[in-house]
$ cat start_21.tsv   # TSV, N, CA and C atoms
chain	number	residue	atom	x	y	z
A	1397	MET	N	0.84	-1.17	0.00
A	1397	MET	CA	0.00	0.00	0.00
A	1397	MET	C	0.89	1.24	0.00
A	1398	THR	N	0.64	2.14	-0.91
A	1398	THR	CA	1.44	3.35	-1.04
A	1398	THR	C	0.81	4.47	-0.21
A	1399	ASP	N	1.68	5.21	0.47
A	1399	ASP	CA	1.19	6.37	1.20
A	1399	ASP	C	0.90	7.48	0.20
A	1400	ILE	N	-0.28	8.11	0.36
A	1400	ILE	CA	-0.69	9.17	-0.56
A	1400	ILE	C	-0.92	10.44	0.24
A	1401	GLU	N	-0.41	11.51	-0.29
A	1401	GLU	CA	-0.60	12.82	0.33
A	1401	GLU	C	-1.65	13.57	-0.48
A	1402	THR	N	-2.72	14.00	0.20
A	1402	THR	CA	-3.80	14.70	-0.48
A	1402	THR	C	-3.67	16.19	-0.20
A	1403	THR	N	-3.73	17.00	-1.28
A	1403	THR	CA	-3.66	18.46	-1.11
A	1403	THR	C	-4.83	19.08	-1.86
A	1404	GLU	N	-5.27	20.22	-1.37
A	1404	GLU	CA	-6.37	20.93	-2.01
A	1404	GLU	C	-5.81	22.14	-2.74
A	1405	THR	N	-6.26	22.33	-3.99
A	1405	THR	CA	-5.79	23.46	-4.79
A	1405	THR	C	-6.66	24.67	-4.51
A	1406	ALA	N	-6.26	25.82	-5.07
A	1406	ALA	CA	-7.00	27.07	-4.87
A	1406	ALA	C	-8.40	27.00	-5.47
A	1407	ALA	N	-8.60	26.19	-6.50
A	1407	ALA	CA	-9.90	26.08	-7.14
A	1407	ALA	C	-10.81	25.09	-6.41
A	1408	GLY	N	-10.35	24.52	-5.33
A	1408	GLY	CA	-11.17	23.60	-4.56
A	1408	GLY	C	-11.02	22.15	-5.00
A	1409	GLU	N	-10.15	21.90	-5.93
A	1409	GLU	CA	-9.94	20.52	-6.36
A	1409	GLU	C	-8.90	19.85	-5.45
A	1410	THR	N	-8.99	18.56	-5.34
A	1410	THR	CA	-7.99	17.83	-4.55
A	1410	THR	C	-7.05	17.08	-5.48
A	1411	GLU	N	-5.80	17.09	-5.10
A	1411	GLU	CA	-4.79	16.37	-5.86
A	1411	GLU	C	-4.19	15.29	-4.96
A	1412	ALA	N	-3.96	14.14	-5.53
A	1412	ALA	CA	-3.33	13.06	-4.77
A	1412	ALA	C	-1.91	12.86	-5.31
A	1413	LYS	N	-0.94	12.97	-4.44
A	1413	LYS	CA	0.46	12.76	-4.81
A	1413	LYS	C	1.03	11.70	-3.88
A	1414	PRO	N	1.82	10.82	-4.41
A	1414	PRO	CA	2.46	9.85	-3.52
A	1414	PRO	C	3.47	10.55	-2.62
A	1415	LYS	N	3.51	10.11	-1.35
A	1415	LYS	CA	4.48	10.70	-0.42
A	1415	LYS	C	5.88	10.22	-0.78
A	1416	ARG	N	6.81	11.11	-0.60
A	1416	ARG	CA	8.21	10.75	-0.83
A	1416	ARG	C	8.75	10.07	0.42
A	1417	ARG	N	9.47	9.03	0.21
A	1417	ARG	CA	10.10	8.32	1.34
A	1417	ARG	C	11.52	8.83	1.52
A	1418	ALA	N	11.95	8.77	2.75
A	1418	ALA	CA	13.34	9.15	3.04
A	1418	ALA	C	14.27	8.12	2.42
A	1419	PRO	N	15.39	8.57	1.92
A	1419	PRO	CA	16.32	7.60	1.32
A	1419	PRO	C	16.82	6.61	2.38
A	1420	ARG	N	16.99	5.37	1.94
A	1420	ARG	CA	17.47	4.34	2.86
A	1420	ARG	C	18.94	4.54	3.15
A	1421	LYS	N	19.30	4.22	4.37
A	1421	LYS	CA	20.71	4.28	4.74
A	1421	LYS	C	21.40	3.06	4.16
A	1422	ALA	N	22.63	3.25	3.77
A	1422	ALA	CA	23.40	2.14	3.24
A	1422	ALA	C	23.66	1.14	4.36
A	1423	ALA	N	23.54	-0.14	4.02
A	1423	ALA	CA	23.80	-1.18	5.01
A	1423	ALA	C	25.28	-1.17	5.37
A	1424	THR	N	25.55	-1.24	6.65
A	1424	THR	CA	26.94	-1.27	7.09
A	1424	THR	C	27.44	-2.70	7.02
A	1425	ASP	N	28.66	-2.85	6.60
A	1425	ASP	CA	29.25	-4.18	6.52
A	1425	ASP	C	29.53	-4.70	7.92
A	1426	LYS	N	29.14	-5.96	8.15
A	1426	LYS	CA	29.45	-6.58	9.43
A	1426	LYS	C	30.91	-7.01	9.39
A	1427	PRO	N	31.61	-6.85	10.50
A	1427	PRO	CA	33.01	-7.27	10.50
A	1427	PRO	C	33.10	-8.79	10.35
A	1428	ASP	N	34.08	-9.22	9.60
A	1428	ASP	CA	34.30	-10.65	9.38
A	1428	ASP	C	34.82	-11.27	10.68
A	1429	PRO	N	34.12	-12.28	11.22
A	1429	PRO	CA	34.58	-12.88	12.48
A	1429	PRO	C	35.94	-13.55	12.35
A	1430	MET	N	36.30	-14.01	11.15
A	1430	MET	CA	37.60	-14.66	10.97
A	1430	MET	C	38.73	-13.65	11.14
A	1431	VAL	N	38.51	-12.40	10.74
A	1431	VAL	CA	39.54	-11.37	10.91
A	1431	VAL	C	39.82	-11.16	12.39
A	1432	ALA	N	38.77	-11.12	13.21
A	1432	ALA	CA	38.96	-10.96	14.65
A	1432	ALA	C	39.68	-12.16	15.24
A	1433	LEU	N	39.31	-13.36	14.79
A	1433	LEU	CA	39.97	-14.56	15.30
A	1433	LEU	C	41.45	-14.59	14.93
A	1434	LEU	N	41.77	-14.18	13.70
A	1434	LEU	CA	43.17	-14.15	13.29
A	1434	LEU	C	43.97	-13.14	14.10
A	1435	ALA	N	43.36	-12.01	14.40
A	1435	ALA	CA	44.04	-11.00	15.22
A	1435	ALA	C	44.31	-11.55	16.62
A	1436	GLU	N	43.33	-12.24	17.19
A	1436	GLU	CA	43.53	-12.85	18.51
A	1436	GLU	C	44.59	-13.93	18.46
A	1437	MET	N	44.61	-14.70	17.37
A	1437	MET	CA	45.61	-15.75	17.23
A	1437	MET	C	47.01	-15.15	17.15
A	1438	ARG	N	47.16	-14.07	16.40
A	1438	ARG	CA	48.47	-13.41	16.30
A	1438	ARG	C	48.93	-12.91	17.67
A	1439	GLU	N	48.00	-12.36	18.42
A	1439	GLU	CA	48.32	-11.87	19.76
A	1439	GLU	C	48.76	-13.01	20.66
A	1440	ALA	N	48.04	-14.11	20.63
A	1440	ALA	CA	48.39	-15.27	21.46
A	1440	ALA	C	49.73	-15.85	21.02
A	1441	PHE	N	49.96	-15.88	19.71
A	1441	PHE	CA	51.21	-16.42	19.18
A	1441	PHE	C	52.41	-15.58	19.61
A	1442	SER	N	52.22	-14.28	19.76
A	1442	SER	CA	53.34	-13.41	20.13
A	1442	SER	C	53.87	-13.72	21.53
A	1443	HIS	N	53.09	-14.41	22.34
A	1443	HIS	CA	53.51	-14.75	23.70
A	1443	HIS	C	54.21	-16.12	23.78
A	1444	LEU	N	54.28	-16.84	22.68
A	1444	LEU	CA	54.85	-18.19	22.71
A	1444	LEU	C	56.37	-18.22	22.74
A	1445	GLY	N	57.00	-17.22	22.25
A	1445	GLY	CA	58.46	-17.24	22.19
A	1445	GLY	C	58.94	-17.75	20.84
A	1446	PRO	N	60.22	-18.06	20.75
A	1446	PRO	CA	60.78	-18.47	19.46
A	1446	PRO	C	60.26	-19.86	19.04
A	1447	LEU	N	60.16	-20.04	17.73
A	1447	LEU	CA	59.74	-21.33	17.18
A	1447	LEU	C	60.92	-22.30	17.21
A	1448	PRO	N	60.62	-23.60	17.26
A	1448	PRO	CA	61.72	-24.57	17.21
A	1448	PRO	C	62.47	-24.49	15.88
A	1449	SER	N	63.75	-24.74	15.93
A	1449	SER	CA	64.55	-24.63	14.72
A	1449	SER	C	64.56	-25.93	13.92
A	1450	GLN	N	64.14	-27.03	14.53
A	1450	GLN	CA	64.14	-28.32	13.84
A	1450	GLN	C	62.75	-28.92	13.85
A	1451	GLY	N	62.49	-29.77	12.88
A	1451	GLY	CA	61.22	-30.46	12.80
A	1451	GLY	C	61.20	-31.71	13.69
A	1452	THR	N	60.28	-32.60	13.40
A	1452	THR	CA	60.15	-33.84	14.17
A	1452	THR	C	61.28	-34.80	13.83
A	1453	PRO	N	61.94	-35.37	14.84
A	1453	PRO	CA	62.98	-36.37	14.54
A	1453	PRO	C	62.37	-37.59	13.85
A	1454	GLU	N	63.14	-38.18	12.98
A	1454	GLU	CA	62.67	-39.31	12.17
A	1454	GLU	C	62.15	-40.47	13.03
A	1455	HIS	N	62.80	-40.75	14.14
A	1455	HIS	CA	62.41	-41.91	14.96
A	1455	HIS	C	61.05	-41.72	15.64
A	1456	ARG	N	60.53	-40.49	15.66
A	1456	ARG	CA	59.21	-40.26	16.27
A	1456	ARG	C	58.08	-40.17	15.26
A	1457	ARG	N	58.38	-40.03	13.99
A	1457	ARG	CA	57.32	-39.87	12.97
A	1457	ARG	C	56.35	-41.05	12.96
A	1458	LYS	N	56.87	-42.27	13.01
A	1458	LYS	CA	56.00	-43.44	12.96
A	1458	LYS	C	55.09	-43.49	14.19
A	1459	HIS	N	55.64	-43.16	15.34
A	1459	HIS	CA	54.83	-43.13	16.57
A	1459	HIS	C	53.72	-42.08	16.45
A	1460	HIS	N	54.06	-40.90	15.98
A	1460	HIS	CA	53.06	-39.84	15.82
A	1460	HIS	C	51.99	-40.23	14.80
A	1461	ASP	N	52.41	-40.93	13.75
A	1461	ASP	CA	51.46	-41.38	12.74
A	1461	ASP	C	50.46	-42.37	13.34
A	1462	GLY	N	50.96	-43.27	14.19
A	1462	GLY	CA	50.08	-44.22	14.87
A	1462	GLY	C	49.10	-43.52	15.80
A	1463	ARG	N	49.59	-42.52	16.52
A	1463	ARG	CA	48.72	-41.76	17.43
A	1463	ARG	C	47.67	-40.98	16.64
A	1464	ALA	N	48.07	-40.43	15.48
A	1464	ALA	CA	47.12	-39.70	14.63
A	1464	ALA	C	46.01	-40.63	14.17
A	1465	ALA	N	46.38	-41.86	13.78
A	1465	ALA	CA	45.37	-42.83	13.33
A	1465	ALA	C	44.43	-43.20	14.48
A	1466	ALA	N	44.99	-43.41	15.66
A	1466	ALA	CA	44.16	-43.78	16.81
A	1466	ALA	C	43.18	-42.66	17.17
A	1467	TRP	N	43.68	-41.42	17.20
A	1467	TRP	CA	42.79	-40.30	17.52
A	1467	TRP	C	41.79	-40.05	16.39
A	1468	GLY	N	42.17	-40.35	15.15
A	1468	GLY	CA	41.24	-40.24	14.04
A	1468	GLY	C	40.09	-41.22	14.17
A	1469	GLN	N	40.40	-42.44	14.62
A	1469	GLN	CA	39.36	-43.44	14.86
A	1469	GLN	C	38.45	-42.99	16.01
A	1470	GLN	N	39.05	-42.43	17.04
A	1470	GLN	CA	38.27	-41.93	18.18
A	1470	GLN	C	37.34	-40.81	17.74
A	1471	TYR	N	37.85	-39.94	16.87
A	1471	TYR	CA	37.02	-38.86	16.35
A	1471	TYR	C	35.87	-39.41	15.52
A	1472	ALA	N	36.15	-40.43	14.70
A	1472	ALA	CA	35.09	-41.04	13.89
A	1472	ALA	C	34.03	-41.68	14.79
A	1473	HIS	N	34.46	-42.20	15.92
A	1473	HIS	CA	33.54	-42.87	16.85
A	1473	HIS	C	32.72	-41.87	17.66
A	1474	GLU	N	33.38	-40.85	18.23
A	1474	GLU	CA	32.71	-39.91	19.14
A	1474	GLU	C	32.38	-38.56	18.51
A	1475	GLY	N	33.25	-38.09	17.61
A	1475	GLY	CA	33.04	-36.78	17.01
A	1475	GLY	C	33.31	-35.62	17.96
A	1476	THR	N	34.24	-35.78	18.90
A	1476	THR	CA	34.53	-34.73	19.86
A	1476	THR	C	35.68	-33.85	19.38
A	1477	SER	N	35.70	-32.63	19.88
A	1477	SER	CA	36.71	-31.67	19.43
A	1477	SER	C	38.11	-32.07	19.87
A	1478	ASP	N	38.25	-32.66	21.06
A	1478	ASP	CA	39.60	-33.03	21.50
A	1478	ASP	C	40.21	-34.10	20.60
A	1479	SER	N	39.39	-35.07	20.19
A	1479	SER	CA	39.94	-36.12	19.33
A	1479	SER	C	40.27	-35.56	17.93
A	1480	LEU	N	39.50	-34.61	17.45
A	1480	LEU	CA	39.81	-33.98	16.17
A	1480	LEU	C	41.14	-33.23	16.24
A	1481	LEU	N	41.28	-32.39	17.26
A	1481	LEU	CA	42.50	-31.59	17.38
A	1481	LEU	C	43.74	-32.47	17.61
A	1482	LEU	N	43.61	-33.50	18.45
A	1482	LEU	CA	44.75	-34.38	18.69
A	1482	LEU	C	45.12	-35.17	17.44
A	1483	SER	N	44.12	-35.62	16.70
A	1483	SER	CA	44.39	-36.33	15.46
A	1483	SER	C	45.15	-35.45	14.48
A	1484	LEU	N	44.69	-34.22	14.33
A	1484	LEU	CA	45.35	-33.29	13.40
A	1484	LEU	C	46.74	-32.88	13.90
A	1485	ALA	N	46.90	-32.73	15.22
A	1485	ALA	CA	48.21	-32.36	15.78
A	1485	ALA	C	49.23	-33.47	15.57
A	1486	PHE	N	48.82	-34.71	15.86
A	1486	PHE	CA	49.75	-35.82	15.62
A	1486	PHE	C	50.03	-36.01	14.14
A	1487	GLU	N	49.02	-35.79	13.31
A	1487	GLU	CA	49.23	-35.89	11.86
A	1487	GLU	C	50.24	-34.83	11.40
A	1488	ALA	N	50.11	-33.62	11.89
A	1488	ALA	CA	51.05	-32.56	11.52
A	1488	ALA	C	52.47	-32.89	12.01
A	1489	SER	N	52.57	-33.53	13.17
A	1489	SER	CA	53.88	-33.91	13.71
A	1489	SER	C	54.51	-35.07	12.95
A	1490	ALA	N	53.68	-35.90	12.34
A	1490	ALA	CA	54.18	-37.08	11.63
A	1490	ALA	C	54.57	-36.79	10.19
A	1491	THR	N	54.18	-35.65	9.66
A	1491	THR	CA	54.41	-35.38	8.23
A	1491	THR	C	55.85	-34.99	7.95
A	1492	TYR	N	56.22	-35.18	6.70
A	1492	TYR	CA	57.51	-34.69	6.21
A	1492	TYR	C	57.33	-33.25	5.77
A	1493	GLU	N	58.43	-32.58	5.53
A	1493	GLU	CA	58.40	-31.15	5.25
A	1493	GLU	C	57.49	-30.77	4.09
A	1494	ALA	N	57.44	-31.60	3.05
A	1494	ALA	CA	56.61	-31.29	1.88
A	1494	ALA	C	55.12	-31.26	2.22
A	1495	GLU	N	54.70	-32.06	3.21
A	1495	GLU	CA	53.29	-32.14	3.59
A	1495	GLU	C	52.95	-31.30	4.82
A	1496	ALA	N	53.96	-30.81	5.50
A	1496	ALA	CA	53.77	-30.16	6.80
A	1496	ALA	C	52.88	-28.93	6.72
A	1497	ARG	N	53.05	-28.11	5.69
A	1497	ARG	CA	52.26	-26.87	5.60
A	1497	ARG	C	50.78	-27.18	5.52
A	1498	TYR	N	50.39	-28.13	4.68
A	1498	TYR	CA	48.98	-28.49	4.55
A	1498	TYR	C	48.43	-29.03	5.88
A	1499	ALA	N	49.19	-29.89	6.53
A	1499	ALA	CA	48.74	-30.47	7.80
A	1499	ALA	C	48.60	-29.40	8.88
A	1500	LEU	N	49.54	-28.47	8.91
A	1500	LEU	CA	49.47	-27.39	9.90
A	1500	LEU	C	48.30	-26.45	9.63
A	1501	LEU	N	48.02	-26.19	8.35
A	1501	LEU	CA	46.87	-25.35	8.00
A	1501	LEU	C	45.56	-26.02	8.38
A	1502	GLN	N	45.49	-27.35	8.21
A	1502	GLN	CA	44.30	-28.09	8.65
A	1502	GLN	C	44.11	-27.94	10.16
A	1503	LEU	N	45.20	-28.12	10.89
A	1503	LEU	CA	45.13	-28.00	12.35
A	1503	LEU	C	44.73	-26.58	12.77
A	1504	ALA	N	45.34	-25.58	12.16
A	1504	ALA	CA	45.01	-24.19	12.48
A	1504	ALA	C	43.57	-23.87	12.11
A	1505	GLY	N	43.13	-24.35	10.96
A	1505	GLY	CA	41.75	-24.12	10.52
A	1505	GLY	C	40.75	-24.73	11.48
A	1506	ALA	N	41.01	-25.96	11.92
A	1506	ALA	CA	40.11	-26.62	12.87
A	1506	ALA	C	40.10	-25.86	14.20
A	1507	ALA	N	41.28	-25.43	14.65
A	1507	ALA	CA	41.34	-24.70	15.91
A	1507	ALA	C	40.60	-23.37	15.82
A	1508	LEU	N	40.76	-22.64	14.72
A	1508	LEU	CA	40.05	-21.37	14.54
A	1508	LEU	C	38.54	-21.58	14.43
A	1509	ALA	N	38.13	-22.63	13.73
A	1509	ALA	CA	36.71	-22.90	13.60
A	1509	ALA	C	36.08	-23.23	14.95
A	1510	LEU	N	36.80	-23.99	15.77
A	1510	LEU	CA	36.29	-24.32	17.10
A	1510	LEU	C	36.26	-23.09	18.01
A	1511	ALA	N	37.28	-22.23	17.88
A	1511	ALA	CA	37.28	-20.98	18.65
A	1511	ALA	C	36.13	-20.10	18.24
A	1512	GLY	N	35.87	-20.01	16.95
A	1512	GLY	CA	34.74	-19.23	16.46
A	1512	GLY	C	33.41	-19.80	16.93
A	1513	LYS	N	33.33	-21.12	17.01
A	1513	LYS	CA	32.12	-21.77	17.49
A	1513	LYS	C	31.87	-21.43	18.96
A	1514	LEU	N	32.94	-21.33	19.73
A	1514	LEU	CA	32.80	-20.94	21.14
A	1514	LEU	C	32.29	-19.51	21.27
A	1515	ASP	N	32.68	-18.66	20.31
A	1515	ASP	CA	32.21	-17.27	20.30
A	1515	ASP	C	30.81	-17.14	19.75
A	1516	GLY	N	30.28	-18.22	19.20
A	1516	GLY	CA	28.96	-18.17	18.59
A	1516	GLY	C	28.98	-17.59	17.20
A	1517	LYS	N	30.12	-17.64	16.53
A	1517	LYS	CA	30.25	-17.06	15.19
A	1517	LYS	C	30.19	-18.15	14.15
$ encode --input "start_21.tsv" --output "structure tokens"
Amino acid sequence: MTDIETTETAAGETEAKPKRRAPRKAATDKPDPMVALLAEMREAFSHLGPLPSQGTPEHRRKHHDGRAAAWGQQYAHEGTSDSLLLSLAFEASATYEAEARYALLQLAGAALALAGKLDGK
């Protein structure tokens, strides 16, 4: 239904004109929750100190791979966040340098997604 403004002219006639609406305000962009999470992650990371200079020793890779498989099975069985994170952490520790970046990004992505879920985002 359109709002109509009725006016009377000097000759006694009435004119109907549609009312003008105020222009709509532009929608403001909502801040991306991932940007806030990344900022918090950078802040938390700054308190960790220096990164290790060496990767996982060869004699521990097989052990870490076994633990990753066990936690992966636990995650498939229960679907809990701790088993997911532990599975991904052991998987990242078991990988060789060529695969390490992908495994670490999976772990970081899962951790950020769970942190965002805690925030309700």
$ residues_around --input "start_21.tsv" --residues "A:Gly1462" --least-positions-apart "3" --cutoff "9 Å" --atoms "only C-alpha atoms" --output "list in words"
Arg1457, Lys1458, His1459, Ala1465, Ala1466, Trp1467, Phe1486, Glu1487 and Ala1490 of chain A
$ atom_distance --input "start_21.tsv" --atom1 "atom CA of A:Lys1426" --atom2 "atom CA of A:Gly1512"
15.4 Å
$ residues_around --input "start_21.tsv" --residues "stretch 1491-1496 of chain A" --least-positions-apart "2" --cutoff "10 Å" --atoms "only C-alpha atoms" --output "ChimeraX atom specification"
/A:1451-1452,1454,1457-1458,1460-1461,1486-1489,1498-1502
$ closest_residue --input "start_21.tsv" --among "A:Leu1481, A:Pro1427, A:Ala1472, A:Lys1421" --to "A:Ala1504" --atoms "only C-alpha atoms"
A:Leu1481
$ residues_around --input "start_21.tsv" --residues "A:Ser1477" --least-positions-apart "6" --cutoff "8 Å" --atoms "all atoms listed in the file" --output "PyMOL selection string"
chain A and resi 1471+1483+1510
$ residues_around --input "start_21.tsv" --residues "A:Gln1470" --least-positions-apart "5" --cutoff "7 Å" --atoms "only N, CA and C atoms" --output "list in words"
Ala1465, Gly1475, Thr1476, Ser1479 and Leu1480 of chain A
$ residues_near_point --input "start_21.tsv" --point "(40.6, -19.0, 13.4)" --cutoff "12 Å" --atoms "only C-alpha atoms" --output "compact mmCIF listing (two decimals) with N, CA and C atoms, keeping the file's coordinate frame"
# COMPACT_ATOMS: atom_id res chain seq x y z
N ASP A 1428 34.08 -9.22 9.60
CA ASP A 1428 34.30 -10.65 9.38
C ASP A 1428 34.82 -11.27 10.68
N PRO A 1429 34.12 -12.28 11.22
CA PRO A 1429 34.58 -12.88 12.48
C PRO A 1429 35.94 -13.55 12.35
N MET A 1430 36.30 -14.01 11.15
CA MET A 1430 37.60 -14.66 10.97
C MET A 1430 38.73 -13.65 11.14
N VAL A 1431 38.51 -12.40 10.74
CA VAL A 1431 39.54 -11.37 10.91
C VAL A 1431 39.82 -11.16 12.39
N ALA A 1432 38.77 -11.12 13.21
CA ALA A 1432 38.96 -10.96 14.65
C ALA A 1432 39.68 -12.16 15.24
N LEU A 1433 39.31 -13.36 14.79
CA LEU A 1433 39.97 -14.56 15.30
C LEU A 1433 41.45 -14.59 14.93
N LEU A 1434 41.77 -14.18 13.70
CA LEU A 1434 43.17 -14.15 13.29
C LEU A 1434 43.97 -13.14 14.10
N ALA A 1435 43.36 -12.01 14.40
CA ALA A 1435 44.04 -11.00 15.22
C ALA A 1435 44.31 -11.55 16.62
N GLU A 1436 43.33 -12.24 17.19
CA GLU A 1436 43.53 -12.85 18.51
C GLU A 1436 44.59 -13.93 18.46
N MET A 1437 44.61 -14.70 17.37
CA MET A 1437 45.61 -15.75 17.23
C MET A 1437 47.01 -15.15 17.15
N ARG A 1438 47.16 -14.07 16.40
CA ARG A 1438 48.47 -13.41 16.30
C ARG A 1438 48.93 -12.91 17.67
N ALA A 1440 48.04 -14.11 20.63
CA ALA A 1440 48.39 -15.27 21.46
C ALA A 1440 49.73 -15.85 21.02
N LEU A 1501 48.02 -26.19 8.35
CA LEU A 1501 46.87 -25.35 8.00
C LEU A 1501 45.56 -26.02 8.38
N GLN A 1502 45.49 -27.35 8.21
CA GLN A 1502 44.30 -28.09 8.65
C GLN A 1502 44.11 -27.94 10.16
N LEU A 1503 45.20 -28.12 10.89
CA LEU A 1503 45.13 -28.00 12.35
C LEU A 1503 44.73 -26.58 12.77
N ALA A 1504 45.34 -25.58 12.16
CA ALA A 1504 45.01 -24.19 12.48
C ALA A 1504 43.57 -23.87 12.11
N GLY A 1505 43.13 -24.35 10.96
CA GLY A 1505 41.75 -24.12 10.52
C GLY A 1505 40.75 -24.73 11.48
N ALA A 1506 41.01 -25.96 11.92
CA ALA A 1506 40.11 -26.62 12.87
C ALA A 1506 40.10 -25.86 14.20
N ALA A 1507 41.28 -25.43 14.65
CA ALA A 1507 41.34 -24.70 15.91
C ALA A 1507 40.60 -23.37 15.82
N LEU A 1508 40.76 -22.64 14.72
CA LEU A 1508 40.05 -21.37 14.54
C LEU A 1508 38.54 -21.58 14.43
N ALA A 1509 38.13 -22.63 13.73
CA ALA A 1509 36.71 -22.90 13.60
C ALA A 1509 36.08 -23.23 14.95
N LEU A 1510 36.80 -23.99 15.77
CA LEU A 1510 36.29 -24.32 17.10
C LEU A 1510 36.26 -23.09 18.01
N ALA A 1511 37.28 -22.23 17.88
CA ALA A 1511 37.28 -20.98 18.65
C ALA A 1511 36.13 -20.10 18.24
N GLY A 1512 35.87 -20.01 16.95
CA GLY A 1512 34.74 -19.23 16.46
C GLY A 1512 33.41 -19.80 16.93
N LYS A 1513 33.33 -21.12 17.01
CA LYS A 1513 32.12 -21.77 17.49
C LYS A 1513 31.87 -21.43 18.96
N LEU A 1514 32.94 -21.33 19.73
CA LEU A 1514 32.80 -20.94 21.14
C LEU A 1514 32.29 -19.51 21.27
N ASP A 1515 32.68 -18.66 20.31
CA ASP A 1515 32.21 -17.27 20.30
C ASP A 1515 30.81 -17.14 19.75
N LYS A 1517 30.12 -17.64 16.53
CA LYS A 1517 30.25 -17.06 15.19
C LYS A 1517 30.19 -18.15 14.15
$ select_by_dssp --input "start_21.tsv" --residues "stretch 1440-1481 of chain A" --states "helix (DSSP H, G or I)" --output "ChimeraX atom specification"
/A:1440-1441,1454-1474,1477-1481
$ decode --input "start_21.tsv" --residues "stretch 1461-1472 of chain A" --atoms "N, CA, C and O atoms" --output "JSON list (two decimals), in the first residue's frame"
[["chain", "number", "residue", "atom", "x", "y", "z"],
["A", 1461, "ASP", "N", 52.41, -40.93, 13.75],
["A", 1461, "ASP", "CA", 51.46, -41.38, 12.74],
["A", 1461, "ASP", "C", 50.46, -42.37, 13.34],
["A", 1461, "ASP", "O", 49.26, -42.32, 13.06],
["A", 1462, "GLY", "N", 50.96, -43.27, 14.19],
["A", 1462, "GLY", "CA", 50.08, -44.22, 14.87],
["A", 1462, "GLY", "C", 49.10, -43.52, 15.80],
["A", 1462, "GLY", "O", 47.91, -43.88, 15.88],
["A", 1463, "ARG", "N", 49.59, -42.52, 16.52],
["A", 1463, "ARG", "CA", 48.72, -41.76, 17.43],
["A", 1463, "ARG", "C", 47.67, -40.98, 16.64],
["A", 1463, "ARG", "O", 46.52, -40.86, 17.04],
["A", 1464, "ALA", "N", 48.07, -40.43, 15.48],
["A", 1464, "ALA", "CA", 47.12, -39.70, 14.63],
["A", 1464, "ALA", "C", 46.01, -40.63, 14.17],
["A", 1464, "ALA", "O", 44.83, -40.26, 14.19],
["A", 1465, "ALA", "N", 46.38, -41.86, 13.78],
["A", 1465, "ALA", "CA", 45.37, -42.83, 13.33],
["A", 1465, "ALA", "C", 44.43, -43.20, 14.48],
["A", 1465, "ALA", "O", 43.21, -43.30, 14.29],
["A", 1466, "ALA", "N", 44.99, -43.41, 15.66],
["A", 1466, "ALA", "CA", 44.16, -43.78, 16.81],
["A", 1466, "ALA", "C", 43.18, -42.66, 17.17],
["A", 1466, "ALA", "O", 42.00, -42.90, 17.42],
["A", 1467, "TRP", "N", 43.68, -41.42, 17.20],
["A", 1467, "TRP", "CA", 42.79, -40.30, 17.52],
["A", 1467, "TRP", "C", 41.79, -40.05, 16.39],
["A", 1467, "TRP", "O", 40.66, -39.63, 16.64],
["A", 1468, "GLY", "N", 42.17, -40.35, 15.15],
["A", 1468, "GLY", "CA", 41.24, -40.24, 14.04],
["A", 1468, "GLY", "C", 40.09, -41.22, 14.17],
["A", 1468, "GLY", "O", 38.93, -40.89, 13.90],
["A", 1469, "GLN", "N", 40.40, -42.44, 14.62],
["A", 1469, "GLN", "CA", 39.36, -43.44, 14.86],
["A", 1469, "GLN", "C", 38.45, -42.99, 16.01],
["A", 1469, "GLN", "O", 37.23, -43.16, 15.96],
["A", 1470, "GLN", "N", 39.05, -42.43, 17.04],
["A", 1470, "GLN", "CA", 38.27, -41.93, 18.18],
["A", 1470, "GLN", "C", 37.34, -40.81, 17.74],
["A", 1470, "GLN", "O", 36.18, -40.73, 18.16],
["A", 1471, "TYR", "N", 37.85, -39.94, 16.87],
["A", 1471, "TYR", "CA", 37.02, -38.86, 16.35],
["A", 1471, "TYR", "C", 35.87, -39.41, 15.52],
["A", 1471, "TYR", "O", 34.73, -38.94, 15.62],
["A", 1472, "ALA", "N", 36.15, -40.43, 14.70],
["A", 1472, "ALA", "CA", 35.09, -41.04, 13.89],
["A", 1472, "ALA", "C", 34.03, -41.68, 14.79],
["A", 1472, "ALA", "O", 32.84, -41.68, 14.46]]
